[in-house]
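*Asks:* Here you go, this is start.cif (mmCIF, C-alpha atoms).
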data_run
loop_
_atom_site.label_atom_id
_atom_site.label_comp_id
_atom_site.auth_asym_id
_atom_site.auth_seq_id
_atom_site.Cartn_x
_atom_site.Cartn_y
_atom_site.Cartn_z
CA MET A 1 -18.27 -1.61 38.36
CA TRP A 2 -14.60 -0.71 38.72
CA ASP A 3 -12.85 -3.25 40.93
CA TRP A 4 -9.64 -1.86 42.47
CA ASN A 5 -8.60 -5.22 43.93
CA TYR A 6 -8.71 -6.74 40.49
CA VAL A 7 -6.67 -3.83 39.12
CA TRP A 8 -3.94 -4.33 41.76
CA ASP A 9 -3.91 -8.04 40.98
CA ILE A 10 -3.29 -7.60 37.28
CA LEU A 11 -1.04 -4.52 37.41
CA PRO A 12 2.26 -6.43 37.91
CA GLN A 13 1.54 -8.56 34.83
CA LEU A 14 0.72 -5.50 32.75
CA LEU A 15 3.81 -3.64 33.93
CA SER A 16 6.13 -6.48 33.02
CA ALA A 17 4.42 -6.63 29.61
CA LEU A 18 5.01 -2.88 29.36
CA LYS A 19 8.73 -3.58 29.61
CA MET A 20 8.41 -5.91 26.60
CA THR A 21 6.42 -3.27 24.72
CA VAL A 22 9.12 -0.66 25.33
CA TRP A 23 11.89 -3.09 24.39
CA VAL A 24 10.22 -4.00 21.08
CA THR A 25 9.72 -0.30 20.34
CA ILE A 26 13.38 0.53 20.97
CA CYS A 27 14.66 -2.35 18.84
CA ALA A 28 12.26 -1.53 16.00
CA PHE A 29 13.21 2.15 16.20
CA ALA A 30 16.89 1.24 15.86
CA VAL A 31 16.05 -0.83 12.76
CA ALA A 32 13.97 2.04 11.35
CA LEU A 33 16.77 4.60 11.99
CA ILE A 34 19.36 2.53 10.13
CA ILE A 35 17.21 1.26 7.24
CA GLY A 36 15.59 4.67 6.91
CA LEU A 37 18.99 6.29 6.37
CA LEU A 38 19.97 3.60 3.84
CA LEU A 39 16.67 4.14 1.99
CA ALA A 40 17.27 7.89 1.97
CA PHE A 41 20.73 7.34 0.46
CA ALA A 42 19.44 4.82 -2.08
CA ALA A 43 16.56 7.08 -3.14
CA ARG A 44 19.12 9.87 -3.82
CA SER A 45 21.43 7.56 -5.71
CA ARG A 46 22.65 8.61 -9.13
CA PHE A 47 21.92 5.09 -10.40
CA LYS A 48 18.43 5.61 -11.77
CA VAL A 49 17.49 1.94 -11.34
CA LEU A 50 18.45 1.85 -7.68
CA SER A 51 16.63 5.07 -6.84
CA LEU A 52 13.51 4.00 -8.75
CA ILE A 53 13.39 0.59 -7.06
CA THR A 54 13.89 2.21 -3.66
CA LYS A 55 11.17 4.77 -4.24
CA GLY A 56 8.80 2.03 -5.43
CA MET A 57 9.56 -0.04 -2.36
CA ILE A 58 8.94 2.93 -0.05
CA GLU A 59 5.63 3.64 -1.80
CA PHE A 60 4.53 0.00 -1.51
CA ILE A 61 5.41 -0.38 2.16
CA ARG A 62 3.77 2.94 3.05
CA ASN A 63 0.56 2.06 1.25
CA THR A 64 -0.04 -1.34 2.83
CA PRO A 65 -1.04 -2.08 6.43
CA LEU A 66 1.59 -2.93 9.02
CA LEU A 67 -0.62 -5.78 10.24
CA VAL A 68 -0.52 -7.55 6.88
CA GLN A 69 3.23 -6.96 6.52
CA VAL A 70 3.79 -8.55 9.91
CA PHE A 71 1.60 -11.51 8.91
CA PHE A 72 3.70 -11.88 5.79
CA LEU A 73 6.98 -11.86 7.74
CA TYR A 74 5.67 -14.28 10.34
CA TYR A 75 3.72 -16.75 8.19
CA SER A 76 5.08 -16.48 4.66
CA LEU A 77 8.82 -16.06 5.02
CA PRO A 78 9.22 -19.40 6.83
CA LEU A 79 7.38 -21.11 3.95
CA LEU A 80 9.52 -19.33 1.36
CA THR A 81 12.92 -19.61 3.00
CA GLY A 82 12.53 -22.51 5.40
CA ILE A 83 13.71 -20.33 8.29
CA SER A 84 11.09 -19.65 10.92
CA ILE A 85 11.30 -16.30 12.67
CA PRO A 86 10.34 -15.92 16.33
CA ALA A 87 7.48 -13.46 16.92
CA PHE A 88 9.82 -10.95 18.55
CA TYR A 89 12.07 -10.63 15.51
CA ALA A 90 9.17 -10.65 13.06
CA GLY A 91 7.65 -7.82 15.10
CA VAL A 92 10.87 -5.82 15.31
CA ILE A 93 11.63 -6.22 11.60
CA GLY A 94 8.04 -5.55 10.53
CA LEU A 95 7.57 -2.45 12.67
CA GLY A 96 11.10 -1.23 11.93
CA LEU A 97 10.84 -1.73 8.18
CA HIS A 98 7.41 -0.10 8.01
CA TYR A 99 8.58 3.04 9.78
CA SER A 100 11.94 3.14 8.00
CA THR A 101 9.97 4.35 4.97
CA TYR A 102 8.59 7.24 7.02
CA LEU A 103 11.99 8.02 8.52
CA SER A 104 13.62 8.04 5.08
CA GLU A 105 11.37 10.99 4.22
CA VAL A 106 12.43 12.71 7.44
CA TYR A 107 16.10 12.18 6.62
CA ARG A 108 15.47 13.48 3.11
CA SER A 109 14.03 16.72 4.43
CA GLY A 110 17.00 17.07 6.78
CA ILE A 111 19.50 16.48 3.97
CA GLU A 112 17.71 18.92 1.69
CA GLY A 113 17.84 21.50 4.47
CA VAL A 114 21.64 21.64 4.30
CA PRO A 115 22.60 24.67 2.20
CA LYS A 116 24.03 23.89 -1.23
CA GLY A 117 27.17 25.85 -0.50
CA GLN A 118 28.16 23.18 2.00
CA TRP A 119 28.36 20.60 -0.79
CA GLU A 120 30.38 22.98 -2.91
CA ALA A 121 32.69 23.74 -0.02
CA ALA A 122 33.27 20.03 0.51
CA THR A 123 34.14 19.63 -3.16
CA ALA A 124 36.46 22.62 -2.97
CA LEU A 125 38.21 21.08 0.03
CA ASN A 126 38.69 17.91 -2.00
CA TYR A 127 36.74 15.76 0.46
CA THR A 128 35.79 12.26 -0.60
CA LYS A 129 32.11 11.39 -0.75
CA ALA A 130 32.23 9.44 2.50
CA GLN A 131 34.03 12.28 4.24
CA THR A 132 31.53 14.82 2.95
CA TRP A 133 28.61 12.83 4.31
CA ARG A 134 30.26 11.97 7.60
CA SER A 135 31.80 15.24 8.59
CA ILE A 136 29.78 17.89 6.74
CA ILE A 137 26.31 16.86 5.62
CA LEU A 138 25.01 14.49 8.30
CA PRO A 139 26.17 16.58 11.29
CA GLN A 140 24.08 19.43 9.89
CA ALA A 141 21.17 17.37 8.55
CA VAL A 142 20.45 15.23 11.61
CA PRO A 143 20.17 17.60 14.62
CA PRO A 144 17.22 19.60 13.20
CA ILE A 145 15.22 16.41 12.59
CA ILE A 146 15.79 14.87 16.02
CA PRO A 147 12.42 16.10 17.42
CA VAL A 148 10.60 14.62 14.39
CA LEU A 149 12.42 11.34 14.92
CA GLY A 150 11.28 11.48 18.55
CA ASN A 151 7.69 11.85 17.44
CA TYR A 152 8.02 8.76 15.26
CA LEU A 153 9.39 6.86 18.25
CA ILE A 154 6.12 7.65 20.05
CA VAL A 155 4.07 6.68 17.00
CA MET A 156 5.87 3.35 16.81
CA PHE A 157 5.31 2.74 20.52
CA LYS A 158 1.57 3.11 19.92
CA GLU A 159 1.65 0.65 17.02
CA THR A 160 3.07 -2.22 19.10
CA PRO A 161 -0.35 -3.62 20.14
CA ILE A 162 -0.76 -4.80 16.52
CA LEU A 163 2.04 -7.28 17.19
CA CYS A 164 -0.24 -9.26 19.51
CA ALA A 165 -1.60 -10.73 16.25
CA ILE A 166 1.59 -12.78 15.88
CA THR A 167 1.57 -13.83 19.55
CA LEU A 168 4.20 -11.35 20.71
CA VAL A 169 3.44 -11.05 24.42
CA GLU A 170 3.24 -7.28 24.81
CA MET A 171 0.61 -5.37 26.81
CA MET A 172 -2.35 -6.07 24.54
CA LEU A 173 -1.87 -9.82 24.44
CA THR A 174 -1.24 -9.90 28.18
CA ALA A 175 -4.52 -8.06 28.74
CA LYS A 176 -6.26 -10.46 26.37
CA ASN A 177 -4.88 -13.43 28.30
CA ILE A 178 -6.01 -11.93 31.59
CA VAL A 179 -9.50 -11.40 30.14
CA SER A 180 -9.73 -14.97 28.92
CA GLN A 181 -8.99 -16.22 32.44
CA SER A 182 -11.13 -13.87 34.50
CA PHE A 183 -13.85 -12.93 31.97
CA ARG A 184 -13.67 -9.32 33.09
CA ALA A 185 -12.54 -7.06 30.26
CA PHE A 186 -13.24 -3.58 31.53
CA GLU A 187 -10.30 -3.10 33.90
CA PRO A 188 -7.53 -4.75 31.84
CA TYR A 189 -8.26 -2.86 28.62
CA THR A 190 -8.78 0.41 30.46
CA MET A 191 -5.48 -0.06 32.29
CA VAL A 192 -3.66 -0.75 29.01
CA GLY A 193 -5.11 2.49 27.65
CA ILE A 194 -4.04 4.43 30.74
CA LEU A 195 -0.50 3.01 30.63
CA PHE A 196 -0.18 3.97 26.97
CA LEU A 197 -1.53 7.43 27.70
CA ILE A 198 0.90 8.06 30.56
CA ILE A 199 4.00 6.95 28.65
CA SER A 200 3.20 8.64 25.37
CA TYR A 201 2.16 11.85 27.14
CA ILE A 202 5.42 12.04 29.08
CA ALA A 203 7.38 11.19 25.95
CA SER A 204 5.65 13.90 23.94
CA LEU A 205 6.41 16.48 26.65
CA LEU A 206 10.08 15.46 26.44
CA VAL A 207 10.04 15.81 22.66
CA GLN A 208 8.47 19.27 22.98
CA ARG A 209 11.22 20.34 25.38
CA LEU A 210 13.83 18.97 23.00
CA GLU A 211 12.24 20.91 20.16
CA LYS A 212 12.39 24.15 22.15
CA ARG A 213 16.01 23.57 23.07
CA MET A 214 17.00 22.87 19.49
CA ASN A 215 15.23 26.01 18.30
CA LEU A 216 17.06 28.05 20.93
CA GLN A 217 20.39 26.62 19.87
CA ARG A 218 19.78 27.58 16.29
CA GLY A 219 18.83 31.05 17.43
CA LYS A 220 15.19 30.95 16.36
CA MET B 1 -8.50 -27.09 -3.48
CA PRO B 2 -7.94 -23.86 -5.40
CA ASN B 3 -6.38 -24.13 -8.85
CA SER B 4 -4.79 -20.72 -8.93
CA TRP B 5 -4.75 -17.50 -6.99
CA ILE B 6 -7.71 -16.24 -9.06
CA ASP B 7 -9.94 -18.54 -7.00
CA PHE B 8 -9.27 -16.41 -3.93
CA LEU B 9 -10.44 -13.21 -5.54
CA PRO B 10 -14.22 -13.47 -4.95
CA THR B 11 -13.78 -13.98 -1.20
CA LEU B 12 -11.21 -11.20 -0.96
CA LEU B 13 -13.39 -8.80 -2.94
CA LYS B 14 -16.22 -9.46 -0.50
CA GLY B 15 -13.82 -8.46 2.27
CA ALA B 16 -12.71 -5.40 0.31
CA GLU B 17 -16.30 -4.24 0.27
CA ILE B 18 -16.43 -4.23 4.08
CA THR B 19 -13.04 -2.53 4.24
CA ILE B 20 -14.27 0.23 1.95
CA VAL B 21 -17.53 0.68 3.86
CA VAL B 22 -15.67 0.96 7.17
CA ALA B 23 -13.12 3.34 5.64
CA PHE B 24 -15.83 5.50 4.07
CA PHE B 25 -17.93 6.02 7.20
CA SER B 26 -14.99 6.39 9.56
CA ALA B 27 -13.44 8.94 7.19
CA ILE B 28 -16.64 10.98 7.32
CA LEU B 29 -16.70 10.82 11.12
CA ALA B 30 -12.99 11.70 11.19
CA VAL B 31 -13.49 14.81 9.04
CA VAL B 32 -16.46 15.95 11.14
CA MET B 33 -14.50 15.45 14.36
CA SER B 34 -11.42 17.15 12.87
CA PHE B 35 -13.35 20.31 12.10
CA ALA B 36 -15.36 20.25 15.32
CA ALA B 37 -12.34 19.67 17.55
CA GLY B 38 -9.98 21.82 15.49
CA LEU B 39 -12.30 24.83 15.69
CA CYS B 40 -13.22 24.19 19.34
CA ARG B 41 -9.54 24.32 20.26
CA LEU B 42 -9.50 27.89 18.99
CA SER B 43 -12.54 28.81 21.08
CA LYS B 44 -12.44 31.75 23.46
CA LEU B 45 -14.07 29.69 26.23
CA TRP B 46 -11.47 27.84 28.27
CA ILE B 47 -13.88 25.03 29.17
CA ILE B 48 -14.46 24.14 25.52
CA ARG B 49 -10.72 24.35 24.81
CA THR B 50 -9.92 22.08 27.76
CA LEU B 51 -12.55 19.46 26.93
CA THR B 52 -11.36 19.32 23.33
CA ALA B 53 -7.74 19.06 24.44
CA VAL B 54 -8.67 16.09 26.63
CA TYR B 55 -10.40 14.37 23.69
CA VAL B 56 -7.42 14.97 21.41
CA GLU B 57 -4.80 13.88 23.96
CA VAL B 58 -6.68 10.72 24.97
CA PHE B 59 -7.21 9.54 21.40
CA ARG B 60 -3.72 10.50 20.26
CA GLY B 61 -2.04 9.16 23.37
CA THR B 62 -3.48 5.65 23.36
CA SER B 63 -3.33 3.17 20.51
CA LEU B 64 -6.05 2.73 17.94
CA LEU B 65 -6.14 -0.99 18.65
CA VAL B 66 -6.55 -0.33 22.37
CA GLN B 67 -9.41 2.06 21.60
CA LEU B 68 -11.07 -0.52 19.37
CA PHE B 69 -10.76 -3.19 22.06
CA TRP B 70 -12.04 -0.80 24.67
CA LEU B 71 -15.12 0.14 22.67
CA TYR B 72 -15.94 -3.40 21.63
CA PHE B 73 -14.78 -5.65 24.48
CA ALA B 74 -14.64 -3.40 27.57
CA LEU B 75 -17.74 -1.23 27.20
CA PRO B 76 -20.21 -4.15 27.47
CA PHE B 77 -19.10 -4.50 31.10
CA ILE B 78 -20.66 -1.16 31.90
CA GLY B 79 -23.78 -2.02 29.95
CA VAL B 80 -22.98 -0.53 26.54
CA GLU B 81 -22.95 -3.09 23.75
CA LEU B 82 -21.98 -1.75 20.34
CA PRO B 83 -22.42 -3.63 17.08
CA LYS B 84 -19.08 -4.46 15.41
CA MET B 85 -19.54 -2.01 12.57
CA LEU B 86 -20.37 0.88 14.91
CA ALA B 87 -17.47 0.10 17.23
CA ALA B 88 -15.09 0.01 14.26
CA ILE B 89 -16.33 3.28 12.78
CA LEU B 90 -16.30 5.04 16.16
CA ALA B 91 -12.78 3.89 17.05
CA ILE B 92 -11.22 4.77 13.70
CA GLY B 93 -13.25 7.96 13.21
CA LEU B 94 -12.56 9.34 16.69
CA ASN B 95 -8.89 8.38 16.50
CA PHE B 96 -8.26 10.03 13.15
CA GLY B 97 -10.47 12.96 14.12
CA ALA B 98 -8.07 13.69 16.98
CA TYR B 99 -5.11 13.75 14.59
CA GLY B 100 -7.09 15.69 11.98
CA SER B 101 -8.05 18.39 14.48
CA GLU B 102 -4.40 19.47 14.55
CA ILE B 103 -4.47 19.78 10.75
CA VAL B 104 -7.57 22.00 10.89
CA ARG B 105 -6.23 24.07 13.78
CA SER B 106 -2.86 24.77 12.19
CA ALA B 107 -4.42 25.50 8.78
CA VAL B 108 -6.84 28.03 10.30
CA LEU B 109 -4.01 29.65 12.27
CA ALA B 110 -1.95 29.88 9.08
CA VAL B 111 -4.49 32.16 7.39
CA PRO B 112 -3.04 35.69 7.57
CA LYS B 113 -4.44 37.83 10.37
CA GLY B 114 -5.40 40.57 7.94
CA GLN B 115 -8.06 38.26 6.52
CA TRP B 116 -9.81 38.14 9.91
CA GLU B 117 -9.52 41.88 10.27
CA ALA B 118 -10.88 42.44 6.76
CA ALA B 119 -13.84 40.18 7.54
CA VAL B 120 -14.54 42.18 10.70
CA ALA B 121 -14.21 45.43 8.75
CA LEU B 122 -16.76 44.14 6.24
CA ASN B 123 -19.15 43.63 9.14
CA LEU B 124 -19.46 39.87 8.55
CA ARG B 125 -20.95 37.83 11.36
CA PRO B 126 -18.59 35.35 13.13
CA TRP B 127 -19.96 32.38 11.19
CA GLN B 128 -19.73 34.22 7.89
CA ARG B 129 -16.13 35.16 8.65
CA LEU B 130 -15.26 31.54 9.20
CA TRP B 131 -17.34 30.07 6.39
CA ASN B 132 -16.80 32.63 3.62
CA VAL B 133 -13.33 33.97 4.33
CA ILE B 134 -11.20 31.73 6.52
CA LEU B 135 -12.20 28.15 5.72
CA PRO B 136 -11.95 28.45 1.92
CA GLN B 137 -8.34 29.57 2.33
CA ALA B 138 -7.52 27.15 5.12
CA SER B 139 -9.03 24.13 3.38
CA LEU B 140 -6.53 24.45 0.57
CA ARG B 141 -3.75 23.93 3.09
CA MET B 142 -5.58 21.03 4.72
CA LEU B 143 -5.98 18.95 1.59
CA PRO B 144 -2.49 17.38 1.31
CA PRO B 145 -2.23 16.36 4.99
CA PHE B 146 -5.82 15.08 4.95
CA GLY B 147 -4.93 13.01 1.88
CA ASN B 148 -2.06 11.40 3.79
CA GLN B 149 -4.33 10.76 6.75
CA LEU B 150 -6.88 9.10 4.51
CA VAL B 151 -4.31 6.57 3.31
CA GLU B 152 -3.32 5.94 6.94
CA LEU B 153 -7.00 5.47 7.77
CA ILE B 154 -7.52 2.91 5.02
CA LYS B 155 -4.53 0.94 6.25
CA SER B 156 -5.79 1.10 9.81
CA THR B 157 -9.12 -0.51 8.86
CA SER B 158 -7.16 -3.78 8.80
CA LEU B 159 -7.37 -3.66 12.61
CA VAL B 160 -11.10 -4.48 12.55
CA TYR B 161 -9.85 -8.01 11.87
CA PHE B 162 -9.25 -8.19 15.63
CA ILE B 163 -12.95 -7.83 16.43
CA THR B 164 -13.70 -10.53 13.84
CA MET B 165 -15.29 -8.21 11.32
CA ALA B 166 -15.21 -9.82 7.88
CA ASP B 167 -12.95 -7.23 6.25
CA LEU B 168 -10.22 -7.81 3.68
CA THR B 169 -7.63 -8.96 6.21
CA TYR B 170 -10.08 -11.22 8.01
CA GLN B 171 -11.21 -12.94 4.80
CA ALA B 172 -7.60 -13.48 3.80
CA MET B 173 -6.76 -15.03 7.16
CA VAL B 174 -9.77 -17.34 6.92
CA LEU B 175 -8.61 -18.41 3.45
CA ARG B 176 -5.14 -18.96 4.85
CA ASN B 177 -6.49 -21.20 7.62
CA ASN B 178 -8.20 -23.34 5.01
CA TYR B 179 -5.30 -23.47 2.56
CA ILE B 180 -2.10 -23.15 4.59
CA SER B 181 0.11 -24.10 1.64
CA TRP B 182 -1.21 -21.08 -0.26
CA THR B 183 -0.25 -18.65 2.51
CA THR B 184 2.22 -16.67 0.42
CA GLU B 185 -0.11 -16.22 -2.57
CA ILE B 186 -2.95 -15.11 -0.30
CA LEU B 187 -0.84 -12.64 1.66
CA VAL B 188 0.78 -11.17 -1.46
CA LEU B 189 -2.66 -10.78 -3.01
CA LEU B 190 -3.84 -9.10 0.18
CA LEU B 191 -0.92 -6.65 0.16
CA LEU B 192 -1.57 -5.85 -3.50
CA MET B 193 -5.25 -5.18 -2.90
CA TYR B 194 -4.52 -2.74 -0.09
CA PHE B 195 -1.88 -1.11 -2.25
CA VAL B 196 -4.32 -0.65 -5.13
CA ILE B 197 -7.03 0.81 -2.89
CA ALA B 198 -4.63 3.20 -1.14
CA THR B 199 -2.99 4.28 -4.40
CA LEU B 200 -6.32 4.99 -6.07
CA VAL B 201 -7.41 7.08 -3.11
CA SER B 202 -4.21 9.10 -2.98
CA LEU B 203 -4.39 9.70 -6.74
CA ALA B 204 -7.98 10.93 -6.34
CA VAL B 205 -6.90 13.31 -3.57
CA ARG B 206 -4.07 14.66 -5.72
CA LEU B 207 -6.47 15.23 -8.61
CA LEU B 208 -8.89 17.03 -6.31
CA GLU B 209 -6.04 19.13 -5.00
CA ARG B 210 -5.06 20.21 -8.52
CA LYS B 211 -8.65 21.08 -9.46
CA TRP B 212 -9.12 22.96 -6.22
CA THR B 213 -5.94 24.98 -6.61
CA ALA B 214 -6.75 25.74 -10.25
CA GLY B 215 -10.15 27.08 -9.27
CA ARG B 216 -8.58 29.40 -6.73
CA LEU B 217 -5.86 30.93 -8.84
#
Go ahead and render the structure in this file as structure tokens.

*Replies:*
Amino acid sequence: MWDWNYVWDILPQLLSALKMTVWVTICAFAVALIIGLLLAFAARSRFKVLSLITKGMIEFIRNTPLLVQVFFLYYSLPLLTGISIPAFYAGVIGLGLHYSTYLSEVYRSGIEGVPKGQWEAATALNYTKAQTWRSIILPQAVPPIIPVLGNYLIVMFKETPILCAITLVEMMLTAKNIVSQSFRAFEPYTMVGILFLIISYIASLLVQRLEKRMNLQRGK
Amino acid sequence: MPNSWIDFLPTLLKGAEITIVVAFFSAILAVVMSFAAGLCRLSKLWIIRTLTAVYVEVFRGTSLLVQLFWLYFALPFIGVELPKMLAAILAIGLNFGAYGSEIVRSAVLAVPKGQWEAAVALNLRPWQRLWNVILPQASLRMLPPFGNQLVELIKSTSLVYFITMADLTYQAMVLRNNYISWTTEILVLLLLMYFVIATLVSLAVRLLERKWTAGRL
């Protein structure tokens, strides 16, 4: 039933695809971190129109499937703009943009956690807005949310198999290709599952340790 | 050739029906698994706790798409062939059940200890304690996170497209293959339909939440 020789044969292919999977995750996470922060700023903006549009956009992206969004980026944008996007970038932008809406909520909770007196103090010290954000608010808002951000990194890692739909050669598509050559599906798909399990389990242990350390630092 | 985007609606609505059926049954399975696993994790017997922890970690640690592929494409090699619909419902239901079990567990733990003690003092049997005292209070806390999970679940039904089930996404991609020049209209329509379904569901959950809270206060 379970053929170890076959597993050893396909393992190198799966491991090199794992590298791609991790790389896509990291790039998409970077996109999500940056756009998420921008969305959090825009949603707080005093310009009613900007904050309403941002909130509407967040709501729309969060309530539609990542798969369809990726299809849109990969198939529709080239028709609309005339620029075709390689699968890798469509995947990174799609995954990153989707999770930026989740991260913007995380940032929001971090920003709201900064005591009001800090804002007042910044005003009293005559800080400019940029200075206030850079040297007072963000340094206090971001550290407490780092474990939550870590959890989203793991969530995004587990969403990458969806990108096989636009021919991004990550683990899932590699396994699919192996199956279409050898007609044996049991080992490849089980191995993909095990690889995901190992990485996300280790990552979640790391996040837990980080969480404990942060709590200690804040004297909880 | 279609004249306008309206011509796509009948096909897409047929797909929406499948999407809703899959979402409905997998949501039921997810809720059942959430309660079963969430309560089992609080069991006094270590063997039950360990088995449940394994279930939760395996389904949370691997991807939903991998689980779907495993159930539908890998299992036949050890002699288990599942129909598409069953594979879809099992994958989504078990996956979201694993996440939901954490919601149930933390909500039950959040009920003040005095409530347990009071139930013991009143001489209620273990099941009565849980059913009459703890769960009514805990379920109020569970409602908002379960509502969020339900929206996530609806979105995740789009993955059944991969096992060629004729859901909303699948129908749209078939339409797209036939009318490539209409790709943008079809995909925008598809996004809008998911948005409408998800928004209606989250509104319904919010309404339920308000009614529920009102009844309690």

*Asks:* Return as number ranges by chain the set of residues that the PyMOL selection byres ((chain A) within 9 of (chain B)) yields on the displayed structure.

*Replies:* A: 1, 59-69, 71-72, 75-77, 79-80, 154-155, 157-162, 165, 172, 184-190, 192-201

*Asks:* Apply the PyMOL selection byres ((chain A and resi 112) around 12) to the displayed file and report the matching residues as a CSV table (one decimal) with C-alpha atoms, keeping the file's coordinate frame.

*Replies:*
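Result saved to out-v2.csv:
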chain,number,residue,atom,x,y,z
A,40,ALA,CA,17.3,7.9,2.0
A,44,ARG,CA,19.1,9.9,-3.8
A,105,GLU,CA,11.4,11.0,4.2
A,106,VAL,CA,12.4,12.7,7.4
A,107,TYR,CA,16.1,12.2,6.6
A,108,ARG,CA,15.5,13.5,3.1
A,109,SER,CA,14.0,16.7,4.4
A,110,GLY,CA,17.0,17.1,6.8
A,111,ILE,CA,19.5,16.5,4.0
A,113,GLY,CA,17.8,21.5,4.5
A,114,VAL,CA,21.6,21.6,4.3
A,115,PRO,CA,22.6,24.7,2.2
A,116,LYS,CA,24.0,23.9,-1.2
A,117,GLY,CA,27.2,25.8,-0.5
A,118,GLN,CA,28.2,23.2,2.0
A,119,TRP,CA,28.4,20.6,-0.8
A,137,ILE,CA,26.3,16.9,5.6
A,138,LEU,CA,25.0,14.5,8.3
A,140,GLN,CA,24.1,19.4,9.9
A,141,ALA,CA,21.2,17.4,8.6
A,142,VAL,CA,20.4,15.2,11.6
A,144,PRO,CA,17.2,19.6,13.2
A,145,ILE,CA,15.2,16.4,12.6

*Asks:* Near A:Leu97, within 9 Å and counting all atoms listed in the file, which residues show up once chain neighbours fewer than 2 positions away are dropped, as an MDAnalysis selection string?

*Replies:* chainID A and resid 28 31:32 35:36 61 92:95 99:101

*Asks:* Kindly give the distance, in Å, that separates atom CA of A:Ala17 and atom CA of A:Tyr102, rounded to a single decimal.

*Replies:*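 Atom-to-atom, atom CA of A:Ala17 and atom CA of A:Tyr102 are spaced 26.8 Å apart.
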
*Asks:* May I have the residues within 10 Å of B:Met165 as a list of chain:residue names, using all atoms listed in the file and disregarding those fewer than 6 positions away in the same chain?

*Replies:*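 The neighbour list is B:Gly15, B:Ile18, B:Thr19, B:Lys84, B:Met85, B:Ala88, B:Ser158, B:Leu159, B:Gln171.
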
*Asks:* Take the residues from that selection and write them out as a tab-separated table (two decimals), keeping the file's coordinate frame, keeping C-alpha atoms.

*Replies:*
chain	number	residue	atom	x	y	z
B	15	GLY	CA	-13.82	-8.46	2.27
B	18	ILE	CA	-16.43	-4.23	4.08
B	19	THR	CA	-13.04	-2.53	4.24
B	84	LYS	CA	-19.08	-4.46	15.41
B	85	MET	CA	-19.54	-2.01	12.57
B	88	ALA	CA	-15.09	0.01	14.26
B	158	SER	CA	-7.16	-3.78	8.80
B	159	LEU	CA	-7.37	-3.66	12.61
B	171	GLN	CA	-11.21	-12.94	4.80

*Asks:* I want to know what sits within 9 Å of stretch 11-16 of chain A, based on all atoms listed in the file, with residues of the same chain fewer than 3 positions away left out; could you give that as JSON, numbers by chain?

*Replies:* {"A": [6, 7, 8, 19, 20, 21, 170, 171, 172, 174, 175, 178, 188, 191, 192, 195]}

*Asks:* Restricting the calculation to only C-alpha atoms: of A:Ile85, A:Leu210, A:Val179, A:Leu38, which residue gets closest to A:Pro147?

*Replies:* A:Leu210

*Asks:* Quick one: apply the PyMOL selection byres ((chain B and resi 97-112) around 10) to the file and drop the selected residues here as a ChimeraX atom specification.

*Replies:* /B:26-42,52-61,91-96,113-117,130,133-146,149-150

*Asks:* Atom CA of A:Ala42 and atom CA of A:Cys27, how far apart in Å?

*Replies:* 22.6 Å

*Asks:* What's the separation between atom CA of A:Ile10 and atom CA of A:Val24, in Å to one decimal place?

*Replies:* 21.4 Å

*Asks:* The residues within 8 Å of (4.2, 14.8, 19.7), using all atoms listed in the file and the coordinates of the file, should be reported as a PDB file with C-alpha atoms, in the frame of the given file; which are they?

*Replies:*
ATOM      1  CA  GLY A 150      11.280  11.480  18.550  1.00  0.00           C
ATOM      2  CA  ASN A 151       7.690  11.850  17.440  1.00  0.00           C
ATOM      3  CA  ILE A 154       6.120   7.650  20.050  1.00  0.00           C
ATOM      4  CA  ALA A 203       7.380  11.190  25.950  1.00  0.00           C
ATOM      5  CA  SER A 204       5.650  13.900  23.940  1.00  0.00           C
ATOM      6  CA  LEU A 205       6.410  16.480  26.650  1.00  0.00           C
ATOM      7  CA  VAL A 207      10.040  15.810  22.660  1.00  0.00           C
ATOM      8  CA  GLN A 208       8.470  19.270  22.980  1.00  0.00           C
TER       9      GLN A 208
END

*Asks:* Of the residues A:Gln131, A:Thr167, A:Thr54, A:Asn5, which is the one nearest to A:Ser104, using all atoms listed in the file?

*Replies:*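 Answer, going by the shortest atom-to-atom distance: A:Thr54.
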